[in-house]
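Here is entry28.txt, consisting of compact mmCIF, C-alpha atoms:
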# COMPACT_ATOMS: atom_id res chain seq x y z
CA MET A 1 209.69 105.94 116.75
CA GLY A 2 208.52 107.81 113.68
CA SER A 3 211.96 107.74 112.03
CA GLY A 4 212.25 103.99 112.65
CA TRP A 5 209.05 103.29 110.76
CA ALA A 6 210.08 105.66 107.98
CA ALA A 7 213.36 103.80 107.48
CA GLY A 8 211.59 100.59 106.53
CA SER A 9 208.76 102.07 104.49
CA VAL A 10 208.37 103.17 100.88
CA ARG A 11 207.39 106.71 99.99
CA ALA A 12 205.21 107.29 96.93
CA ARG A 13 204.64 110.70 95.37
CA TYR A 14 201.36 111.53 93.62
CA LEU A 15 200.08 114.35 91.47
CA VAL A 16 196.45 115.02 92.39
CA TYR A 17 193.93 117.12 90.47
CA PHE A 18 191.08 118.61 92.48
CA GLN A 19 188.29 121.17 92.05
CA TYR A 20 186.37 123.41 94.40
CA LEU A 21 183.87 126.23 94.71
CA GLY A 22 185.83 128.90 96.53
CA THR A 23 182.92 130.75 98.16
CA ASP A 24 183.33 129.19 101.60
CA PHE A 25 187.12 129.23 101.76
CA ASN A 26 189.85 131.68 102.64
CA GLY A 27 191.65 130.64 99.47
CA VAL A 28 193.15 127.30 98.56
CA ALA A 29 196.15 127.48 100.91
CA ALA A 30 195.85 126.03 104.39
CA VAL A 31 195.19 128.40 107.27
CA ARG A 32 197.31 127.40 110.26
CA GLY A 33 196.68 128.17 113.89
CA ALA A 34 193.46 128.93 115.73
CA GLN A 35 191.97 131.25 113.12
CA ARG A 36 188.36 130.67 112.13
CA ALA A 37 189.18 131.01 108.43
CA VAL A 38 189.93 127.81 106.57
CA GLY A 39 191.48 126.91 103.21
CA VAL A 40 190.79 124.08 100.77
CA GLN A 41 194.16 122.58 101.71
CA ASN A 42 193.00 122.14 105.32
CA TYR A 43 190.22 119.81 104.21
CA LEU A 44 192.43 117.89 101.79
CA GLU A 45 195.07 117.25 104.44
CA GLU A 46 192.43 116.30 106.97
CA ALA A 47 191.10 113.68 104.53
CA ALA A 48 194.66 112.48 103.89
CA GLU A 49 195.10 111.72 107.59
CA ARG A 50 192.90 108.66 107.01
CA LEU A 51 195.57 107.23 104.71
CA LYS A 52 197.64 106.52 107.86
CA SER A 53 200.89 107.66 106.29
CA VAL A 54 203.99 107.19 108.44
CA VAL A 55 204.82 110.85 107.77
CA PRO A 56 201.90 113.34 107.80
CA VAL A 57 200.70 114.12 104.27
CA LYS A 58 201.18 117.69 103.05
CA PHE A 59 199.68 118.98 99.80
CA ILE A 60 202.08 121.16 97.81
CA ILE A 61 199.69 123.31 95.79
CA SER A 62 200.46 124.19 92.18
CA SER A 63 198.43 127.39 91.93
CA ARG A 64 197.31 129.44 94.89
CA THR A 65 193.94 131.14 94.65
CA ASP A 66 192.45 133.87 96.83
CA ALA A 67 189.31 133.74 98.95
CA GLY A 68 186.24 133.34 96.75
CA VAL A 69 188.15 132.14 93.66
CA HIS A 70 187.06 128.78 92.22
CA ALA A 71 188.94 125.99 90.46
CA LEU A 72 187.71 123.66 87.76
CA SER A 73 191.03 121.88 88.13
CA ASN A 74 193.89 122.77 90.44
CA ALA A 75 196.78 120.43 91.18
CA ALA A 76 199.08 119.44 94.02
CA HIS A 77 201.67 116.83 94.80
CA LEU A 78 201.81 114.82 98.01
CA ASP A 79 203.86 112.01 99.49
CA VAL A 80 202.31 108.98 101.15
CA GLN A 81 204.64 106.75 103.14
CA ARG A 82 203.06 103.48 104.19
CA ARG A 83 204.44 101.10 106.80
CA SER A 84 207.05 98.54 105.90
CA GLY A 85 205.69 95.72 103.78
CA GLN A 86 202.64 97.61 102.56
CA PRO A 87 202.59 98.52 98.84
CA PRO A 88 201.82 102.09 97.73
CA PHE A 89 198.20 102.97 97.11
CA SER A 90 197.18 102.87 93.48
CA PRO A 91 196.13 106.30 92.14
CA GLU A 92 192.57 105.04 91.83
CA VAL A 93 192.41 103.97 95.46
CA LEU A 94 194.03 107.22 96.60
CA THR A 95 191.41 109.25 94.73
CA GLN A 96 188.53 107.25 96.19
CA ALA A 97 189.94 107.39 99.70
CA LEU A 98 190.39 111.17 99.67
CA ASN A 99 186.88 111.73 98.31
CA THR A 100 185.42 109.35 100.89
CA HIS A 101 186.92 111.31 103.77
CA LEU A 102 186.53 114.87 102.45
CA ARG A 103 184.21 116.70 104.85
CA HIS A 104 183.28 119.64 102.62
CA PRO A 105 180.85 119.15 99.70
CA ALA A 106 182.43 121.97 97.66
CA ILE A 107 185.70 120.06 97.18
CA ARG A 108 186.25 117.06 94.93
CA VAL A 109 189.38 115.11 93.99
CA LEU A 110 189.29 114.43 90.26
CA GLN A 111 192.19 112.10 89.60
CA ALA A 112 195.70 111.10 90.66
CA PHE A 113 198.97 110.07 89.01
CA ARG A 114 202.08 108.39 90.39
CA VAL A 115 205.02 110.69 89.63
CA PRO A 116 208.79 110.61 90.26
CA SER A 117 210.00 111.51 93.73
CA ASP A 118 211.52 114.79 92.50
CA PHE A 119 208.36 115.99 90.74
CA HIS A 120 207.09 119.38 91.97
CA ALA A 121 203.51 120.45 91.27
CA ARG A 122 204.33 124.15 91.26
CA TYR A 123 207.65 124.29 89.42
CA ALA A 124 206.93 121.55 86.86
CA ALA A 125 203.78 123.23 85.53
CA THR A 126 204.19 124.34 81.91
CA SER A 127 200.85 126.16 81.55
CA ARG A 128 198.11 127.62 83.68
CA THR A 129 194.78 128.84 82.33
CA TYR A 130 192.32 131.06 84.15
CA LEU A 131 188.85 132.01 82.99
CA TYR A 132 186.75 134.90 84.20
CA ARG A 133 182.96 135.00 83.83
CA LEU A 134 181.00 138.21 83.27
CA ALA A 135 177.27 138.87 83.13
CA THR A 136 175.76 141.95 81.49
CA GLY A 137 172.25 143.35 81.81
CA CYS A 138 172.07 143.07 85.59
CA PRO A 139 171.34 146.52 87.11
CA ARG A 140 170.67 145.03 90.55
CA PRO A 141 172.29 142.01 92.26
CA ASP A 142 168.89 140.42 92.88
CA GLN A 143 168.32 140.19 89.12
CA LEU A 144 171.00 137.53 88.81
CA PRO A 145 169.74 133.94 89.20
CA VAL A 146 170.64 132.56 92.61
CA PHE A 147 172.52 129.70 90.92
CA GLU A 148 174.85 132.19 89.23
CA ARG A 149 175.62 134.26 92.30
CA ASN A 150 179.26 134.08 93.36
CA ARG A 151 180.01 132.51 89.95
CA CYS A 152 180.36 135.67 87.83
CA TRP A 153 180.83 139.44 87.94
CA ALA A 154 177.38 140.96 87.34
CA LEU A 155 177.64 144.24 85.41
CA ARG A 156 174.90 146.83 85.25
CA ALA A 157 175.65 147.65 81.62
CA ASP A 158 173.62 145.98 78.88
CA TYR A 159 176.44 146.16 76.36
CA LEU A 160 180.18 145.47 76.14
CA ASP A 161 182.33 146.56 73.21
CA VAL A 162 183.82 143.12 72.72
CA ALA A 163 185.76 144.15 69.61
CA ALA A 164 187.55 146.85 71.59
CA MET A 165 188.24 144.39 74.43
CA ARG A 166 189.80 141.94 71.98
CA GLU A 167 191.93 144.71 70.47
CA ALA A 168 193.12 145.73 73.93
CA ALA A 169 193.91 142.12 74.83
CA GLN A 170 196.29 141.92 71.88
CA HIS A 171 198.51 144.50 73.57
CA LEU A 172 198.89 142.16 76.55
CA LEU A 173 200.01 139.13 74.54
CA GLY A 174 203.67 138.16 74.54
CA THR A 175 206.51 138.72 76.98
CA HIS A 176 206.26 141.93 79.00
CA ASP A 177 206.98 143.44 82.38
CA PHE A 178 203.51 143.20 83.94
CA SER A 179 204.32 145.35 86.99
CA ALA A 180 201.30 147.55 86.23
CA PHE A 181 199.02 144.55 86.76
CA GLN A 182 200.59 143.27 89.98
CA SER A 183 199.10 143.84 93.41
CA ALA A 184 201.25 144.75 96.40
CA GLY A 185 202.58 141.88 98.47
CA SER A 186 203.87 139.75 95.62
CA PRO A 187 206.99 137.74 96.53
CA SER A 188 208.15 137.48 92.90
CA THR A 189 211.65 138.70 92.15
CA SER A 190 210.73 139.33 88.51
CA SER A 191 207.53 140.80 87.08
CA VAL A 192 208.26 139.63 83.53
CA ARG A 193 205.74 137.10 82.27
CA THR A 194 204.70 135.67 78.90
CA LEU A 195 200.98 135.81 78.21
CA ARG A 196 200.25 133.17 75.56
CA ARG A 197 196.54 133.67 75.19
CA ALA A 198 193.97 136.33 76.09
CA SER A 199 190.50 135.85 74.66
CA VAL A 200 187.03 137.37 75.07
CA SER A 201 184.07 135.30 73.93
CA PRO A 202 180.32 135.00 74.51
CA ASP A 203 179.24 132.24 76.86
CA PRO A 204 176.42 129.89 75.91
CA ALA A 205 173.16 130.86 77.53
CA SER A 206 173.18 129.89 81.20
CA PRO A 207 170.83 126.97 81.92
CA PHE A 208 169.88 128.76 85.13
CA VAL A 209 168.39 131.80 83.38
CA LEU A 210 164.63 131.76 82.87
CA PRO A 211 163.39 132.25 79.29
CA GLN A 212 161.88 135.65 80.08
CA GLU A 213 165.28 136.80 81.41
CA SER A 214 167.46 135.40 78.63
CA ARG A 215 167.09 138.47 76.40
CA ARG A 216 168.36 140.75 79.14
CA LEU A 217 171.12 138.67 80.71
CA ARG A 218 174.17 137.74 78.65
CA PHE A 219 177.31 135.95 79.79
CA TRP A 220 180.91 136.38 78.65
CA THR A 221 184.17 134.55 79.30
CA LEU A 222 187.70 135.93 79.40
CA GLU A 223 190.54 133.38 79.27
CA PHE A 224 194.22 133.91 80.01
CA GLU A 225 197.03 131.40 79.61
CA SER A 226 200.62 131.65 80.82
CA GLN A 227 203.17 129.45 82.52
CA SER A 228 202.70 131.58 85.63
CA PHE A 229 201.03 134.82 86.70
CA LEU A 230 201.81 137.62 89.12
CA TYR A 231 199.76 138.22 92.23
CA ARG A 232 196.21 139.16 91.12
CA GLN A 233 197.44 139.77 87.56
CA VAL A 234 194.43 138.03 86.02
CA ARG A 235 191.88 139.99 88.03
CA ARG A 236 193.63 143.28 87.25
CA MET A 237 193.81 142.53 83.52
CA THR A 238 190.14 141.58 83.61
CA ALA A 239 189.19 144.87 85.28
CA ILE A 240 191.09 146.83 82.63
CA LEU A 241 189.49 144.93 79.75
CA VAL A 242 186.04 145.44 81.24
CA ALA A 243 186.79 149.17 81.46
CA VAL A 244 187.56 149.06 77.74
CA GLY A 245 184.32 147.19 77.07
CA LEU A 246 182.39 149.84 78.97
CA GLY A 247 184.09 152.66 77.07
CA THR A 248 186.02 154.03 80.05
CA LEU A 249 189.37 153.18 78.45
CA THR A 250 190.57 152.75 74.88
CA PRO A 251 192.68 149.82 73.64
CA THR A 252 195.60 152.20 73.12
CA GLU A 253 195.42 153.29 76.76
CA VAL A 254 195.84 149.65 77.82
CA LYS A 255 199.15 149.58 75.96
CA VAL A 256 200.20 152.79 77.74
CA ILE A 257 199.25 151.29 81.12
CA LEU A 258 201.26 148.15 80.40
CA GLU A 259 204.32 150.14 79.39
CA SER A 260 204.05 152.42 82.44
CA ARG A 261 204.94 149.53 84.78
CA ASP A 262 203.12 151.50 87.47
CA PRO A 263 200.77 149.39 89.63
CA LEU A 264 199.42 152.50 91.41
CA GLY A 265 198.19 154.41 88.36
CA LYS A 266 194.67 155.82 88.11
CA HIS A 267 193.16 152.90 86.21
CA GLN A 268 195.29 149.87 87.03
CA THR A 269 194.39 149.81 90.72
CA ARG A 270 191.04 148.27 89.77
CA VAL A 271 190.69 144.59 90.64
CA ALA A 272 187.85 142.41 89.38
CA PRO A 273 185.88 140.59 92.12
CA ALA A 274 187.27 137.23 93.15
CA HIS A 275 184.02 135.29 92.72
CA GLY A 276 184.06 135.52 88.90
CA LEU A 277 187.48 133.85 88.56
CA PHE A 278 188.09 130.16 87.91
CA LEU A 279 191.40 128.31 87.61
CA LYS A 280 190.58 126.22 84.56
CA SER A 281 193.62 124.00 84.13
CA VAL A 282 197.23 123.29 85.06
CA LEU A 283 199.35 121.50 82.45
CA TYR A 284 202.46 119.36 82.87
CA GLY A 285 204.75 118.16 80.10
CA GLY A 286 203.90 114.56 79.25
CA LEU A 287 200.90 114.39 81.57
CA GLY A 288 198.27 116.06 79.39
CA ASP A 289 195.48 118.18 80.82
CA LEU A 290 192.80 116.58 82.93
CA ALA A 291 190.70 119.72 82.83
CA ALA A 292 190.70 120.32 79.08
CA GLY A 293 187.05 120.80 78.35
CA ASN A 294 184.78 119.02 80.79
CA PRO A 295 186.72 117.40 83.69
CA ALA A 296 183.96 114.87 84.24
CA GLN A 297 184.02 113.94 80.57
CA GLN A 298 187.80 113.52 80.68
CA GLU A 299 187.45 111.23 83.67
CA SER A 300 184.95 109.05 81.82
CA GLN A 301 187.36 108.78 78.91
CA ASP A 302 190.38 107.93 81.06
CA PRO A 303 189.19 106.29 84.28
CA GLY A 304 191.69 105.66 87.03
CA GLY A 305 191.89 101.95 86.14
CA ARG A 306 193.64 102.54 82.79
CA GLU A 307 196.93 104.03 81.82
CA ALA A 308 196.63 107.44 80.21
CA PRO A 309 197.42 107.18 76.50
CA GLY A 310 200.73 108.56 75.33
CA GLN A 311 202.24 109.14 78.77
CA PRO A 312 205.99 108.76 79.35
CA GLU A 313 206.92 105.64 81.27
CA ASP A 314 207.98 107.50 84.41
CA LEU A 315 204.79 109.60 84.55
CA ARG A 316 202.17 107.01 83.70
CA TRP A 317 199.31 106.17 86.01
CA GLU A 318 200.24 103.28 88.28
CA THR A 319 197.48 100.71 88.28
CA SER A 320 199.40 97.44 88.38
CA GLY A 321 200.93 95.61 91.31
CA PRO A 322 199.46 93.68 94.24
CA LYS A 323 196.61 95.18 96.21
CA ALA A 324 196.89 95.09 99.99
CA GLY A 325 193.87 94.24 102.09
CA GLY A 326 192.14 96.62 104.46
CA LEU A 327 191.41 100.06 103.04
CA GLU A 328 191.94 99.09 99.37
CA SER A 329 189.63 96.10 99.44
CA CYS A 330 186.93 98.04 101.26
CA LEU A 331 187.11 100.84 98.72
CA GLN A 332 186.39 98.34 95.97
CA GLN A 333 183.14 97.39 97.76
CA PRO A 334 182.29 100.32 100.04
CA GLN A 335 178.77 99.08 100.63
CA SER A 336 180.24 96.10 102.50
CA CYS A 337 182.34 98.25 104.80
CA PRO A 338 180.26 100.34 107.25
CA GLN A 339 183.47 101.55 108.89
CA LEU A 340 184.56 103.13 105.61
CA LEU A 341 181.17 104.72 104.99
CA CYS A 342 181.24 106.18 108.48
CA GLY A 343 184.79 107.41 108.01
CA VAL A 344 186.45 105.36 110.76
CA HIS A 345 188.22 102.65 108.76
CA SER A 346 191.90 102.26 109.50
CA THR A 347 194.46 99.60 108.66
CA GLU A 348 197.00 100.42 111.32
CA SER A 349 197.59 102.64 114.32
CA THR A 350 199.34 105.96 114.04
CA ASP A 351 202.66 107.20 115.35
CA ASP A 352 203.71 110.79 115.90
CA PRO A 353 206.44 111.31 113.29
CA GLN A 354 208.07 114.65 112.68
CA MET A 355 206.29 117.10 110.41
CA PRO A 356 208.01 117.57 107.04
CA SER A 357 208.78 121.05 105.77
CA GLN A 358 205.89 122.66 103.92
CA GLY A 359 206.23 123.80 100.33
CA GLN A 360 204.93 127.11 99.05
CA GLY A 361 202.31 127.34 96.37
CA SER A 362 202.28 129.72 93.46
CA GLN A 363 200.90 133.22 93.74
CA ALA A 364 197.25 133.75 94.48
CA HIS A 365 194.67 135.33 92.22

Encoding of this model in structure tokens:
Amino acid sequence: MGSGWAAGSVRARYLVYFQYLGTDFNGVAAVRGAQRAVGVQNYLEEAAERLKSVVPVKFIISSRTDAGVHALSNAAHLDVQRRSGQPPFSPEVLTQALNTHLRHPAIRVLQAFRVPSDFHARYAATSRTYLYRLATGCPRPDQLPVFERNRCWALRADYLDVAAMREAAQHLLGTHDFSAFQSAGSPSTSSVRTLRRASVSPDPASPFVLPQESRRLRFWTLEFESQSFLYRQVRRMTAILVAVGLGTLTPTEVKVILESRDPLGKHQTRVAPAHGLFLKSVLYGGLGDLAAGNPAQQESQDPGGREAPGQPEDLRWETSGPKAGGLESCLQQPQSCPQLLCGVHSTESTDDPQMPSQGQGSQAH
């Protein structure tokens, strides 16, 4: 029955940007089976069930993140196949529908694009940027504001030699074999990567720090950009740069570690805690970067009802075309649809089509 419906229906592929606080999740990837752990993908796909796609919706994640790691903007592609005669959802309606049915408050869908049927969220990415937040002047964990906990790595030291950290980061720039910064279990066949940017900069004062604490607590941000990273490469590079900032290592020793290609050396086994890491952005050629700067600000500049400026024809946001009734019309006026607000709205019954093969996301950090 499922294949019969699929034969007369139209499949639409979307690129979706989403963000999450990773504290409650076992990473972004779905956890299958009867395990108690759960990934961000589990909640996204659960929300997508309400779209009533002929074929179950699977999110193909661009960038996999480990348990506790956050994302200001991650990305995934998904296919939605509606029944024969029903037009594809507009990206705006898709975004609203997913957010309406998401059951976890720490996940939010930012925006969606219609993309070609051969688009792949992982392999088409041209740039990924991670940022890592540090806090200095925090001898005890209870001295960090509760609003900053699980959002940064709190260091006991009052001082970091930022100049030395920046000098060490220069040794990491460019194309290298980053085997020394790769954790075991990586499926990559090559450990050669090109690091385009590695920066260390002071963060503006946290709004969650009381005035009497602001002289003691200082915040710092490390940013790394590459097309792709090895497994836990960012957290290992961060740990090494922090060691330089604390005076444990010299910038020259970082160069020696890189050239050693030895992931089990004395210093390079250090891994920065997951909770200080954020996936900041994923870029695609021609699509721009939703998460450049403030994602919320970007959304206000380019709402889902307008075409993104300067986009190629085949990658533009789809906002034209007839709107079907049912779910779309209720999303335009959710206050008039108690079924939608309660999460039980549906426009058609479901079949039990075959499950499509699941794609594999990029390596976790």

With distances taken over only C-alpha atoms, the candidate from A:His365, A:Val282, A:Ser53, A:Gln111 nearest Thr95 in chain A is A:Gln111

Q. Nearest to Leu78 in chain A among A:Gly39, A:Gly265, A:Pro116, A:Pro105, with distances taken over all atoms listed in the file: which residue is it?
A.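 So, comparing all the options, the nearest one is A:Pro116.
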
Counting all atoms listed in the file, what is within 10 Å of Val242 in chain A, bar same-chain residues fewer than 6 positions away, as a PyMOL selection string? chain A and resi 134+155+160-162+164-165+222+236+248-249+272

Output file for the selection above: C-alpha atoms, as a compact mmCIF listing (two decimals), keeping the file's coordinate frame:
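Contents of part15.txt, freshly written:
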# COMPACT_ATOMS: atom_id res chain seq x y z
CA LEU A 134 181.00 138.21 83.27
CA LEU A 155 177.64 144.24 85.41
CA LEU A 160 180.18 145.47 76.14
CA ASP A 161 182.33 146.56 73.21
CA VAL A 162 183.82 143.12 72.72
CA ALA A 164 187.55 146.85 71.59
CA MET A 165 188.24 144.39 74.43
CA LEU A 222 187.70 135.93 79.40
CA ARG A 236 193.63 143.28 87.25
CA THR A 248 186.02 154.03 80.05
CA LEU A 249 189.37 153.18 78.45
CA ALA A 272 187.85 142.41 89.38

inquiry  = Give me, as a list in words, all polymer residues having an atom no more than 6 Å from range 169-181 of chain A, counting only C-alpha atoms and skipping those fewer than 4 positions away in the same chain.
reply    =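 Using only C-alpha atoms, the neighbours found are Ser191, Val192, Arg193, Thr194, Leu195, Ala198, Gln233, Arg236, Lys255, Leu258, Arg261, Asp262 and Pro263 of chain A.
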
Practice item. Calculate how many Å separate CA of Gly245 in chain A from CA of Ala163 in chain A, rounding to one decimal. Key: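 Distance reported for this atom pair: 8.2 Å.
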
N, CA, C and O atoms for range 36-52 of chain A, written as a PDB file, in the coordinates of the input, could you do that?
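The resulting out.pdb:
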ATOM      1  N   ARG A  36     189.619 131.275 112.548  1.00  0.00           N
ATOM      2  CA  ARG A  36     188.360 130.670 112.130  1.00  0.00           C
ATOM      3  C   ARG A  36     188.330 130.432 110.620  1.00  0.00           C
ATOM      4  O   ARG A  36     187.577 129.593 110.137  1.00  0.00           O
ATOM      5  N   ALA A  37     189.126 131.202 109.880  1.00  0.00           N
ATOM      6  CA  ALA A  37     189.180 131.010 108.430  1.00  0.00           C
ATOM      7  C   ALA A  37     189.794 129.660 108.109  1.00  0.00           C
ATOM      8  O   ALA A  37     190.602 129.117 108.871  1.00  0.00           O
ATOM      9  N   VAL A  38     189.426 129.117 106.950  1.00  0.00           N
ATOM     10  CA  VAL A  38     189.930 127.810 106.570  1.00  0.00           C
ATOM     11  C   VAL A  38     190.155 127.773 105.062  1.00  0.00           C
ATOM     12  O   VAL A  38     189.437 128.418 104.294  1.00  0.00           O
ATOM     13  N   GLY A  39     191.177 127.042 104.628  1.00  0.00           N
ATOM     14  CA  GLY A  39     191.480 126.910 103.210  1.00  0.00           C
ATOM     15  C   GLY A  39     191.140 125.520 102.703  1.00  0.00           C
ATOM     16  O   GLY A  39     190.944 124.578 103.485  1.00  0.00           O
ATOM     17  N   VAL A  40     191.069 125.385 101.388  1.00  0.00           N
ATOM     18  CA  VAL A  40     190.790 124.080 100.770  1.00  0.00           C
ATOM     19  C   VAL A  40     191.822 123.053 101.220  1.00  0.00           C
ATOM     20  O   VAL A  40     191.505 121.890 101.494  1.00  0.00           O
ATOM     21  N   GLN A  41     193.074 123.478 101.318  1.00  0.00           N
ATOM     22  CA  GLN A  41     194.160 122.580 101.710  1.00  0.00           C
ATOM     23  C   GLN A  41     193.919 121.961 103.083  1.00  0.00           C
ATOM     24  O   GLN A  41     194.286 120.806 103.325  1.00  0.00           O
ATOM     25  N   ASN A  42     193.298 122.694 103.998  1.00  0.00           N
ATOM     26  CA  ASN A  42     193.000 122.140 105.320  1.00  0.00           C
ATOM     27  C   ASN A  42     192.132 120.897 105.216  1.00  0.00           C
ATOM     28  O   ASN A  42     192.379 119.879 105.880  1.00  0.00           O
ATOM     29  N   TYR A  43     191.119 120.950 104.365  1.00  0.00           N
ATOM     30  CA  TYR A  43     190.220 119.810 104.210  1.00  0.00           C
ATOM     31  C   TYR A  43     190.906 118.642 103.497  1.00  0.00           C
ATOM     32  O   TYR A  43     190.685 117.475 103.834  1.00  0.00           O
ATOM     33  N   LEU A  44     191.719 118.960 102.496  1.00  0.00           N
ATOM     34  CA  LEU A  44     192.430 117.890 101.790  1.00  0.00           C
ATOM     35  C   LEU A  44     193.383 117.155 102.719  1.00  0.00           C
ATOM     36  O   LEU A  44     193.445 115.913 102.709  1.00  0.00           O
ATOM     37  N   GLU A  45     194.105 117.894 103.534  1.00  0.00           N
ATOM     38  CA  GLU A  45     195.070 117.250 104.440  1.00  0.00           C
ATOM     39  C   GLU A  45     194.358 116.516 105.572  1.00  0.00           C
ATOM     40  O   GLU A  45     194.851 115.490 106.054  1.00  0.00           O
ATOM     41  N   GLU A  46     193.201 117.022 105.974  1.00  0.00           N
ATOM     42  CA  GLU A  46     192.430 116.300 106.970  1.00  0.00           C
ATOM     43  C   GLU A  46     191.960 114.949 106.416  1.00  0.00           C
ATOM     44  O   GLU A  46     192.029 113.916 107.110  1.00  0.00           O
ATOM     45  N   ALA A  47     191.500 114.943 105.160  1.00  0.00           N
ATOM     46  CA  ALA A  47     191.100 113.680 104.530  1.00  0.00           C
ATOM     47  C   ALA A  47     192.284 112.743 104.390  1.00  0.00           C
ATOM     48  O   ALA A  47     192.157 111.523 104.554  1.00  0.00           O
ATOM     49  N   ALA A  48     193.465 113.308 104.090  1.00  0.00           N
ATOM     50  CA  ALA A  48     194.660 112.480 103.890  1.00  0.00           C
ATOM     51  C   ALA A  48     195.136 111.833 105.185  1.00  0.00           C
ATOM     52  O   ALA A  48     195.875 110.845 105.144  1.00  0.00           O
ATOM     53  N   GLU A  49     194.725 112.347 106.333  1.00  0.00           N
ATOM     54  CA  GLU A  49     195.100 111.720 107.590  1.00  0.00           C
ATOM     55  C   GLU A  49     194.596 110.279 107.662  1.00  0.00           C
ATOM     56  O   GLU A  49     195.198 109.426 108.306  1.00  0.00           O
ATOM     57  N   ARG A  50     193.480 110.008 106.977  1.00  0.00           N
ATOM     58  CA  ARG A  50     192.900 108.660 107.010  1.00  0.00           C
ATOM     59  C   ARG A  50     193.707 107.652 106.219  1.00  0.00           C
ATOM     60  O   ARG A  50     193.449 106.451 106.271  1.00  0.00           O
ATOM     61  N   LEU A  51     194.692 108.144 105.450  1.00  0.00           N
ATOM     62  CA  LEU A  51     195.570 107.230 104.710  1.00  0.00           C
ATOM     63  C   LEU A  51     196.585 106.572 105.630  1.00  0.00           C
ATOM     64  O   LEU A  51     197.268 105.625 105.225  1.00  0.00           O
ATOM     65  N   LYS A  52     196.738 107.084 106.856  1.00  0.00           N
ATOM     66  CA  LYS A  52     197.640 106.520 107.860  1.00  0.00           C
ATOM     67  C   LYS A  52     199.085 106.481 107.353  1.00  0.00           C
ATOM     68  O   LYS A  52     199.799 105.494 107.540  1.00  0.00           O
TER      69      LYS A  52
END
